[in-house]
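Take a look at the structure below.
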Amino acid sequence: MKNHWMKAKWIGLITVLMVFLSGCGKNHLSALRPAGEVGQEQFNLMILSIIIMLLVVVVVTVLFTIAVAKNRRSKKGEDFKPKDVATNHTLEIIWTSIPIILLIILAVPTVYLVFKQADTSASVTEEGEVNPEENVINVRAYQYWWEFEYPTEQVVTSQEMVVPTDERVYFNLMGVDVKHSFWVPATGGKLDTNIDGINSFYLVFDEDSAQESDRLFYGKCAELCGPSHALMDFKVQALPAEEYDQWLADMQAVEEPVQASSEDAQAGEEIFADSCMGCHATTPTGSGAMGPNLTNFADRELIAGYLEHNEENLQEWIRDPESLKPGNKMTGAYELNDEEIEAVSAYLMELSVEEGSGDVEALEESRQANTSEDEGSEGEEESSENDEEEGN
Amino acid sequence: MAQTSTQKKGVGSVIWEYLTTVDHKKIAILYLIAGGFFFALGGIEAMLIRIQLAVPNNDFLSAGLYNEMITMHGTTMIFLAAMPLLFAFMNAVVPLQIGARDLAFPFLNSMGVWLFILGGIFLNLSWFMGGAPDAGWTSYASLSIDSPGHGVNFYALGLQITGAGTLMTGINFATTIITMRAPGMTYMRMPLFTWTTFVAAILIVFAFPPLTIGVFLLMFDRMFGSNFFIVEAGGNTIIWEHLFWIFGHPEVYILILPAFGIFSEIFSVFARKRLFGYSAMVFATVLIGFFGFMVWAHHMFTVGLGPTANAIFAVATMAIAVPTGIKIFNWIATIWGGSIEFTTPMLYAIAFIPSFVMGGVTGIMQAAAPADYQYHDSYFIVAHFHYVIVGGVVFGLLAGLHYYWPIMFNTMLNEVLGKITFVLFVFGFHLTFLIQHFLGLWGMPRRVFTFLDGQGYNAANMISTIGAFFMAAGVIILLINIVMTLVKNERVGTDPWGDGRTLEWSLPLPAPYYNFAQVPLVRGLDAYWIEKKQGDGKIIPAESVGDFHMPNNSIIPLIMSLGLFIASFGALYFADGKDWAIDAVSGLDAKPWALPVLVIGLGITFVSMGVRSWKDDLGYYVTKEEIEKDLEELERGAK
């Protein structure tokens, strides 16, 4: 009999563990599957706090269950007169001091990590310029899309961010219209994109975890920002450092928009120039545009940040963006008939950046050059941003 | 004029009585009815939210409507349900507990309830007048300025009106507890519910002004062309977050402390044992209230306040766990060695301990700021605050409803139905919210109107929705219980639970409109219990029978509140179509009648204030003869 019990207990325990392990969520998405230094540190802190807190929960529950079970009136009888106890100083001291000790155990790593993870000093040079030695990405959040600017390389893209693995990547975050929050759960916690100023932090994307996640991490907006807040997703493509450099070089090599090849696409290119160009750029420059940069649109994984990347969805999106992302700013900005929409989508599907077209050495040179040129240009950039905001 | 309850009255005169009443017992019933109504409304909103989130890519609610739903659910539950329901019990019980004949400012009390009711109605009229607010119950400034239409105007004006009422009620209770305690009722003899009400009232006095200021700034930005939160014009949106949370965090304690008080009473009564560590409990309550003001920025760890601020607020937040722990352990020590009777209120109190501890420990987990960067604005947070607010406050309200029902209505709620509600509600609650911790850790942000398939969120969301239906079923059975009890109307006598320890249970039911024929003499903690054990179970009077003063009823509080209600419609539409207005309303048709409405409404309020100020209302005296007659009748009834 006892054996059966033991067996049942073990099976129960294993089931619980299985549920727990499978309960860690998806590789590319879950805070419980940390994919980099920052996420790992935060995960460790979570585990420490969970252990301490489970201890508290268990102690309280056990004491409490005993108290309730032992002191039922049905057991003690109607006539039992409980003894009134005013207090007990020893007990009071014990249950005041033990929590204090537990909290100190938690507070020390908390304070240490707060300061460690806020240290972004490496991302700027002593003169206050972007440090060309480090990976720095400027993130601008719009209702309901993301722009990613690589200031050193002067490359702009949107919706899908490319980052190098196993290196710190520094982010400068800003909201353009309302407050959003930048969150890639697998690699670390979030930071708000305020409209009042720039927030900076860093994340690390592990090569191993990137491989497990097919090199794509999910990013989300974590601050309510309007009707389509739930759909304001983005993707993070984590590449080994060399491939990352190659990608940047390829992007840099795009000086002219990709020329349409098919007949449909050529028609689409013209329509695009008339109706879409005002907001959407097709060269990787010009941060702070009205709409997402589309230079490498055909290479992306998703349409509108969350739909499968195919022509059908693209046409649906151009036809009626409101039905797919309520409250977006594209609705009503143009008038296209079905034929025109097909043409434009054919054109967009050709907007691909050829892999290996760029020269990595030239990229390195430009990194050096940009920084020496850039001195003192920070102020200019700021003011141009302000102009655009006022324009909105 | 007050009348004895034995006289039959017409429906009209009953309504008039309630519209004009300044009696705390009747105002308690007004709070209970209105708060209960808004609780049901917020509950329906919650159900719609859960239905929308039951399956991925659902289109039961549209994105915009969903945001209105979450905003109204949060705002309604906090401002229009939880707080007023607590006020109902405070009003019904605190004056009786301290041996007072009413609150210090009965007129103000009436004003408070009408401001709350009209503010709540105003806020909810938004559903029928172009859309409810949709910027979240926190209404962060950049989004609330951006939000088109009048939704956020309803939020700002509605909260301003109810907030004024709450502030008055806070002042009223603080004053009452300081000045109106019966002889012998020293501070350290006050029942715990009175203590927690006292601390909560003081928190209200300090916490509501920041909210009032924040909402005023929002009002002026949205309706009168100012630029407090408009960044292009030099404003700053982070200020709103600070003001909101300087109010918002103490607000959590304004809600939970009175619930703690109710539980303290219940544990002691149904374990037939005096509260363990009374002084430690009082000390912990005060400490929680004090710390509550120093931790607001833990709601803002991801705003980018910098590591110094984050570290300080992280450690300060952790400190709150200590007094809360003291309370939990003292409750356990209270029932330890007691004789526990499992009545419905006691069941809620028992369920409260593990549920609230769960919510408390996740709170401490969030105090570890770097880990909170992950939890923040995810479903983990949703799970956490529902564990605290449902597992703490709502359990407290349900416990209080069953426990104090005889004091308010002189009948007892059905225990069997009460226990069925308890099982359904508590089971449903854990089913709904436990799994949400994991959803958050798996990367699901909060306030999303839908989620995509293939992210591993489907099963957990379905479980959560099923849990919500159990909670709804529990509430429906509670309503049936209430209706049945009211229809049956089986009256109970003094001390219906049999183990009452504090003064409110010593009164005959229904309590006379003046509460105490003679002000009681309090000989120690648990005054009634002492008399039961050491005396004849009768409270010793502190004065001989004599005339005493009572306030007159008045319709002015309602009219004064109505003026503000009317003025709000003027303010609401004032900026429409004006060229200085924010984009959200500048494109709408101009409403030339808005200004006159605003002026007329404010005029009504100011005129009624004038009437109140210059027209003497001295109240009346209850005569010695009347009291002697009542006492005699009581004596005869007892025999």
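In the structure tokens, the first chain shown is A, the next is B, and so on; residue numbers restart at 1 for each chain, and ligands run from 1 in the order shown.
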*Select all residues from chain A having any atom no more than 7 Å from an atom of chain B (counting only C-alpha atoms, ignoring ligands), output as a PyMOL selection string.*
chain A and resi 24-26+29-32+42-43+45-46+49+53+57+61+64+67+71-73+76+82-87+95-96+99-100+103+107+110-111+113-115+118+178-179+185+188-192+196+199+222-225+227-230+326+390
Determine which residues of segment 77-213 of chain A receive a DSSP assignment of strand (DSSP E), computed from the backbone, and state them as a PDB file with N, CA and C atoms, in the first residue's frame.
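Written output follows (selection-v3.pdb):
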```
ATOM      1  N   ASN A 135      27.834  48.519 -31.111  1.00  0.00           N
ATOM      2  CA  ASN A 135      26.616  48.412 -31.915  1.00  0.00           C
ATOM      3  C   ASN A 135      25.544  49.282 -31.278  1.00  0.00           C
ATOM      4  N   VAL A 136      25.161  50.312 -31.993  1.00  0.00           N
ATOM      5  CA  VAL A 136      24.142  51.209 -31.462  1.00  0.00           C
ATOM      6  C   VAL A 136      22.980  51.279 -32.444  1.00  0.00           C
ATOM      7  N   ILE A 137      21.779  51.152 -31.922  1.00  0.00           N
ATOM      8  CA  ILE A 137      20.596  51.239 -32.781  1.00  0.00           C
ATOM      9  C   ILE A 137      19.629  52.255 -32.175  1.00  0.00           C
ATOM     10  N   ASN A 138      19.195  53.200 -32.988  1.00  0.00           N
ATOM     11  CA  ASN A 138      18.174  54.152 -32.538  1.00  0.00           C
ATOM     12  C   ASN A 138      16.808  53.599 -32.908  1.00  0.00           C
ATOM     13  N   VAL A 139      15.949  53.461 -31.912  1.00  0.00           N
ATOM     14  CA  VAL A 139      14.625  52.899 -32.151  1.00  0.00           C
ATOM     15  C   VAL A 139      13.594  54.011 -32.025  1.00  0.00           C
ATOM     16  N   ARG A 140      12.766  54.161 -33.033  1.00  0.00           N
ATOM     17  CA  ARG A 140      11.662  55.110 -32.920  1.00  0.00           C
ATOM     18  C   ARG A 140      10.352  54.345 -33.030  1.00  0.00           C
ATOM     19  N   ALA A 141       9.478  54.565 -32.080  1.00  0.00           N
ATOM     20  CA  ALA A 141       8.204  53.856 -32.060  1.00  0.00           C
ATOM     21  C   ALA A 141       7.097  54.779 -32.531  1.00  0.00           C
ATOM     22  N   TYR A 142       6.311  54.286 -33.470  1.00  0.00           N
ATOM     23  CA  TYR A 142       5.191  55.034 -34.026  1.00  0.00           C
ATOM     24  C   TYR A 142       3.936  54.219 -33.808  1.00  0.00           C
ATOM     25  N   TRP A 145       4.112  51.009 -35.555  1.00  0.00           N
ATOM     26  CA  TRP A 145       5.241  50.361 -36.224  1.00  0.00           C
ATOM     27  C   TRP A 145       6.537  50.877 -35.638  1.00  0.00           C
ATOM     28  N   TRP A 146       7.624  50.228 -36.014  1.00  0.00           N
ATOM     29  CA  TRP A 146       8.924  50.530 -35.424  1.00  0.00           C
ATOM     30  C   TRP A 146       9.920  50.913 -36.499  1.00  0.00           C
ATOM     31  N   GLU A 147      10.727  51.913 -36.203  1.00  0.00           N
ATOM     32  CA  GLU A 147      11.815  52.279 -37.109  1.00  0.00           C
ATOM     33  C   GLU A 147      13.135  52.019 -36.394  1.00  0.00           C
ATOM     34  N   PHE A 148      14.072  51.411 -37.122  1.00  0.00           N
ATOM     35  CA  PHE A 148      15.383  51.114 -36.545  1.00  0.00           C
ATOM     36  C   PHE A 148      16.451  51.804 -37.363  1.00  0.00           C
ATOM     37  N   GLU A 149      17.205  52.662 -36.701  1.00  0.00           N
ATOM     38  CA  GLU A 149      18.246  53.401 -37.395  1.00  0.00           C
ATOM     39  C   GLU A 149      19.609  52.978 -36.835  1.00  0.00           C
ATOM     40  N   TYR A 150      20.543  52.707 -37.745  1.00  0.00           N
ATOM     41  CA  TYR A 150      21.910  52.375 -37.343  1.00  0.00           C
ATOM     42  C   TYR A 150      22.729  53.626 -37.542  1.00  0.00           C
ATOM     43  N   VAL A 155      22.127  53.662 -41.706  1.00  0.00           N
ATOM     44  CA  VAL A 155      21.176  52.786 -42.374  1.00  0.00           C
ATOM     45  C   VAL A 155      19.865  52.853 -41.589  1.00  0.00           C
ATOM     46  N   VAL A 156      18.761  52.884 -42.329  1.00  0.00           N
ATOM     47  CA  VAL A 156      17.454  52.908 -41.682  1.00  0.00           C
ATOM     48  C   VAL A 156      16.636  51.736 -42.183  1.00  0.00           C
ATOM     49  N   THR A 157      15.977  51.056 -41.275  1.00  0.00           N
ATOM     50  CA  THR A 157      15.029  50.030 -41.698  1.00  0.00           C
ATOM     51  C   THR A 157      13.845  50.069 -40.744  1.00  0.00           C
ATOM     52  N   SER A 158      12.863  49.233 -41.001  1.00  0.00           N
ATOM     53  CA  SER A 158      11.712  49.264 -40.104  1.00  0.00           C
ATOM     54  C   SER A 158      11.144  47.872 -39.925  1.00  0.00           C
ATOM     55  N   GLU A 160      11.616  45.087 -38.998  1.00  0.00           N
ATOM     56  CA  GLU A 160      12.499  43.971 -38.684  1.00  0.00           C
ATOM     57  C   GLU A 160      13.894  44.495 -38.422  1.00  0.00           C
ATOM     58  N   MET A 161      14.303  44.298 -37.189  1.00  0.00           N
ATOM     59  CA  MET A 161      15.601  44.803 -36.772  1.00  0.00           C
ATOM     60  C   MET A 161      16.623  43.686 -36.931  1.00  0.00           C
ATOM     61  N   VAL A 162      17.799  44.031 -37.381  1.00  0.00           N
ATOM     62  CA  VAL A 162      18.874  43.051 -37.490  1.00  0.00           C
ATOM     63  C   VAL A 162      19.924  43.399 -36.451  1.00  0.00           C
ATOM     64  N   VAL A 163      20.346  42.386 -35.698  1.00  0.00           N
ATOM     65  CA  VAL A 163      21.342  42.632 -34.649  1.00  0.00           C
ATOM     66  C   VAL A 163      22.427  41.558 -34.721  1.00  0.00           C
ATOM     67  N   PRO A 164      23.629  41.885 -34.240  1.00  0.00           N
ATOM     68  CA  PRO A 164      24.683  40.881 -34.168  1.00  0.00           C
ATOM     69  C   PRO A 164      24.524  40.040 -32.905  1.00  0.00           C
ATOM     70  N   ARG A 168      27.188  43.112 -27.114  1.00  0.00           N
ATOM     71  CA  ARG A 168      26.208  44.035 -26.573  1.00  0.00           C
ATOM     72  C   ARG A 168      25.653  44.918 -27.690  1.00  0.00           C
ATOM     73  N   VAL A 169      24.343  45.078 -27.703  1.00  0.00           N
ATOM     74  CA  VAL A 169      23.728  46.003 -28.647  1.00  0.00           C
ATOM     75  C   VAL A 169      23.052  47.094 -27.822  1.00  0.00           C
ATOM     76  N   TYR A 170      23.427  48.326 -28.074  1.00  0.00           N
ATOM     77  CA  TYR A 170      22.866  49.443 -27.321  1.00  0.00           C
ATOM     78  C   TYR A 170      21.690  50.031 -28.073  1.00  0.00           C
ATOM     79  N   PHE A 171      20.653  50.345 -27.332  1.00  0.00           N
ATOM     80  CA  PHE A 171      19.461  50.913 -27.955  1.00  0.00           C
ATOM     81  C   PHE A 171      19.176  52.294 -27.391  1.00  0.00           C
ATOM     82  N   ASN A 172      18.908  53.230 -28.298  1.00  0.00           N
ATOM     83  CA  ASN A 172      18.392  54.543 -27.883  1.00  0.00           C
ATOM     84  C   ASN A 172      16.939  54.592 -28.305  1.00  0.00           C
ATOM     85  N   LEU A 173      16.041  54.705 -27.329  1.00  0.00           N
ATOM     86  CA  LEU A 173      14.614  54.532 -27.612  1.00  0.00           C
ATOM     87  C   LEU A 173      13.872  55.848 -27.540  1.00  0.00           C
ATOM     88  N   MET A 174      12.942  56.024 -28.465  1.00  0.00           N
ATOM     89  CA  MET A 174      12.126  57.227 -28.452  1.00  0.00           C
ATOM     90  C   MET A 174      10.751  56.941 -29.041  1.00  0.00           C
ATOM     91  N   GLY A 175       9.736  57.520 -28.460  1.00  0.00           N
ATOM     92  CA  GLY A 175       8.400  57.431 -29.027  1.00  0.00           C
ATOM     93  C   GLY A 175       8.137  58.690 -29.825  1.00  0.00           C
ATOM     94  N   HIS A 180       5.266  54.317 -26.214  1.00  0.00           N
ATOM     95  CA  HIS A 180       5.231  52.880 -26.443  1.00  0.00           C
ATOM     96  C   HIS A 180       6.266  52.246 -25.510  1.00  0.00           C
ATOM     97  N   SER A 181       6.434  50.945 -25.617  1.00  0.00           N
ATOM     98  CA  SER A 181       7.474  50.311 -24.813  1.00  0.00           C
ATOM     99  C   SER A 181       8.097  49.181 -25.610  1.00  0.00           C
ATOM    100  N   PHE A 182       9.428  49.163 -25.618  1.00  0.00           N
ATOM    101  CA  PHE A 182      10.214  48.266 -26.464  1.00  0.00           C
ATOM    102  C   PHE A 182      10.540  46.999 -25.684  1.00  0.00           C
ATOM    103  N   TRP A 183      10.064  45.858 -26.165  1.00  0.00           N
ATOM    104  CA  TRP A 183      10.213  44.623 -25.390  1.00  0.00           C
ATOM    105  C   TRP A 183      10.535  43.445 -26.302  1.00  0.00           C
ATOM    106  N   LEU A 191      11.868  48.618 -22.007  1.00  0.00           N
ATOM    107  CA  LEU A 191      12.126  50.004 -21.628  1.00  0.00           C
ATOM    108  C   LEU A 191      11.167  50.856 -22.454  1.00  0.00           C
ATOM    109  N   ASP A 192      10.599  51.867 -21.812  1.00  0.00           N
ATOM    110  CA  ASP A 192       9.591  52.683 -22.487  1.00  0.00           C
ATOM    111  C   ASP A 192      10.225  53.590 -23.532  1.00  0.00           C
ATOM    112  N   THR A 193       9.489  53.824 -24.592  1.00  0.00           N
ATOM    113  CA  THR A 193       9.901  54.828 -25.569  1.00  0.00           C
ATOM    114  C   THR A 193       9.074  56.072 -25.285  1.00  0.00           C
ATOM    115  N   ASN A 199      15.584  57.151 -24.024  1.00  0.00           N
ATOM    116  CA  ASN A 199      15.982  56.160 -23.034  1.00  0.00           C
ATOM    117  C   ASN A 199      16.989  55.214 -23.656  1.00  0.00           C
ATOM    118  N   SER A 200      18.015  54.823 -22.891  1.00  0.00           N
ATOM    119  CA  SER A 200      19.018  53.921 -23.447  1.00  0.00           C
ATOM    120  C   SER A 200      19.189  52.681 -22.575  1.00  0.00           C
ATOM    121  N   PHE A 201      19.400  51.560 -23.203  1.00  0.00           N
ATOM    122  CA  PHE A 201      19.814  50.353 -22.498  1.00  0.00           C
ATOM    123  C   PHE A 201      20.479  49.416 -23.490  1.00  0.00           C
ATOM    124  N   TYR A 202      20.907  48.272 -22.987  1.00  0.00           N
ATOM    125  CA  TYR A 202      21.523  47.330 -23.917  1.00  0.00           C
ATOM    126  C   TYR A 202      20.946  45.936 -23.729  1.00  0.00           C
ATOM    127  N   LEU A 203      21.075  45.144 -24.784  1.00  0.00           N
ATOM    128  CA  LEU A 203      20.669  43.748 -24.737  1.00  0.00           C
ATOM    129  C   LEU A 203      21.770  42.923 -25.391  1.00  0.00           C
ATOM    130  N   VAL A 204      21.787  41.651 -25.081  1.00  0.00           N
ATOM    131  CA  VAL A 204      22.717  40.742 -25.751  1.00  0.00           C
ATOM    132  C   VAL A 204      21.895  39.594 -26.324  1.00  0.00           C
TER     133      VAL A 204
END
```
Surrounding residues of Val236 of chain A excluding itself and chain neighbours under 2 positions, 10 Å, only C-alpha atoms, as an mmCIF file with C-alpha atoms, in the first residue's frame:
```cif
data_model
loop_
_atom_site.group_PDB
_atom_site.id
_atom_site.type_symbol
_atom_site.label_atom_id
_atom_site.label_comp_id
_atom_site.auth_asym_id
_atom_site.auth_seq_id
_atom_site.Cartn_x
_atom_site.Cartn_y
_atom_site.Cartn_z
ATOM 1 C CA HIS A 28 11.779 33.163 -29.372
ATOM 2 C CA GLN A 159 9.643 46.485 -38.550
ATOM 3 C CA GLU A 160 12.499 43.971 -38.684
ATOM 4 C CA MET A 161 15.601 44.803 -36.772
ATOM 5 C CA VAL A 162 18.874 43.051 -37.490
ATOM 6 C CA VAL A 163 21.342 42.632 -34.649
ATOM 7 C CA VAL A 184 12.017 41.563 -26.717
ATOM 8 C CA PHE A 205 21.517 38.113 -28.212
ATOM 9 C CA ALA A 210 19.436 32.551 -31.871
ATOM 10 C CA ARG A 215 17.447 33.534 -35.702
ATOM 11 C CA LEU A 216 14.185 35.353 -35.176
ATOM 12 C CA PHE A 217 13.096 36.772 -31.833
ATOM 13 C CA TYR A 218 9.707 38.352 -31.286
ATOM 14 C CA GLY A 219 9.458 41.902 -30.116
ATOM 15 C CA PHE A 234 8.287 43.475 -34.581
ATOM 16 C CA ALA A 238 20.009 37.935 -34.799
ATOM 17 C CA LEU A 239 22.959 37.220 -37.095
#
```
*Where in segment 231-263 of chain A does DSSP assign alpha helix (DSSP H), given as a PyMOL selection string?*
chain A and resi 241-253+263
Just C-alpha atoms for this one: save the residues we selected as a short mmCIF file (atom, residue, chain, number, x, y, z; two decimals), in the first residue's frame.
```
data_model
loop_
_atom_site.label_atom_id
_atom_site.label_comp_id
_atom_site.auth_asym_id
_atom_site.auth_seq_id
_atom_site.Cartn_x
_atom_site.Cartn_y
_atom_site.Cartn_z
CA ALA A 241 28.76 39.45 -36.39
CA GLU A 242 30.09 38.89 -39.92
CA GLU A 243 26.68 38.32 -41.44
CA TYR A 244 25.43 41.34 -39.56
CA ASP A 245 28.17 43.47 -41.06
CA GLN A 246 27.40 42.03 -44.48
CA TRP A 247 23.73 42.92 -44.05
CA LEU A 248 24.62 46.49 -43.13
CA ALA A 249 27.01 46.70 -46.08
CA ASP A 250 24.29 45.39 -48.40
CA MET A 251 21.87 47.97 -47.10
CA GLN A 252 24.41 50.73 -47.45
CA ALA A 253 24.99 49.67 -51.05
CA GLU A 263 5.69 44.75 -66.17
#
```
*Excluding same-chain residues fewer than 2 positions from Val492 of chain B, what lies within 9 Å of it counting only C-alpha atoms, as number ranges by chain?*
B: 406, 410-412, 490, 494-496, 509-510
_Atomic separation - atom CA of Tyr621 of chain B relative to atom CA of Asn515 of chain B, Å_ =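 If I compute the distance from atom CA of Asn515 of chain B to atom CA of Tyr621 of chain B, I get 14.3 Å.
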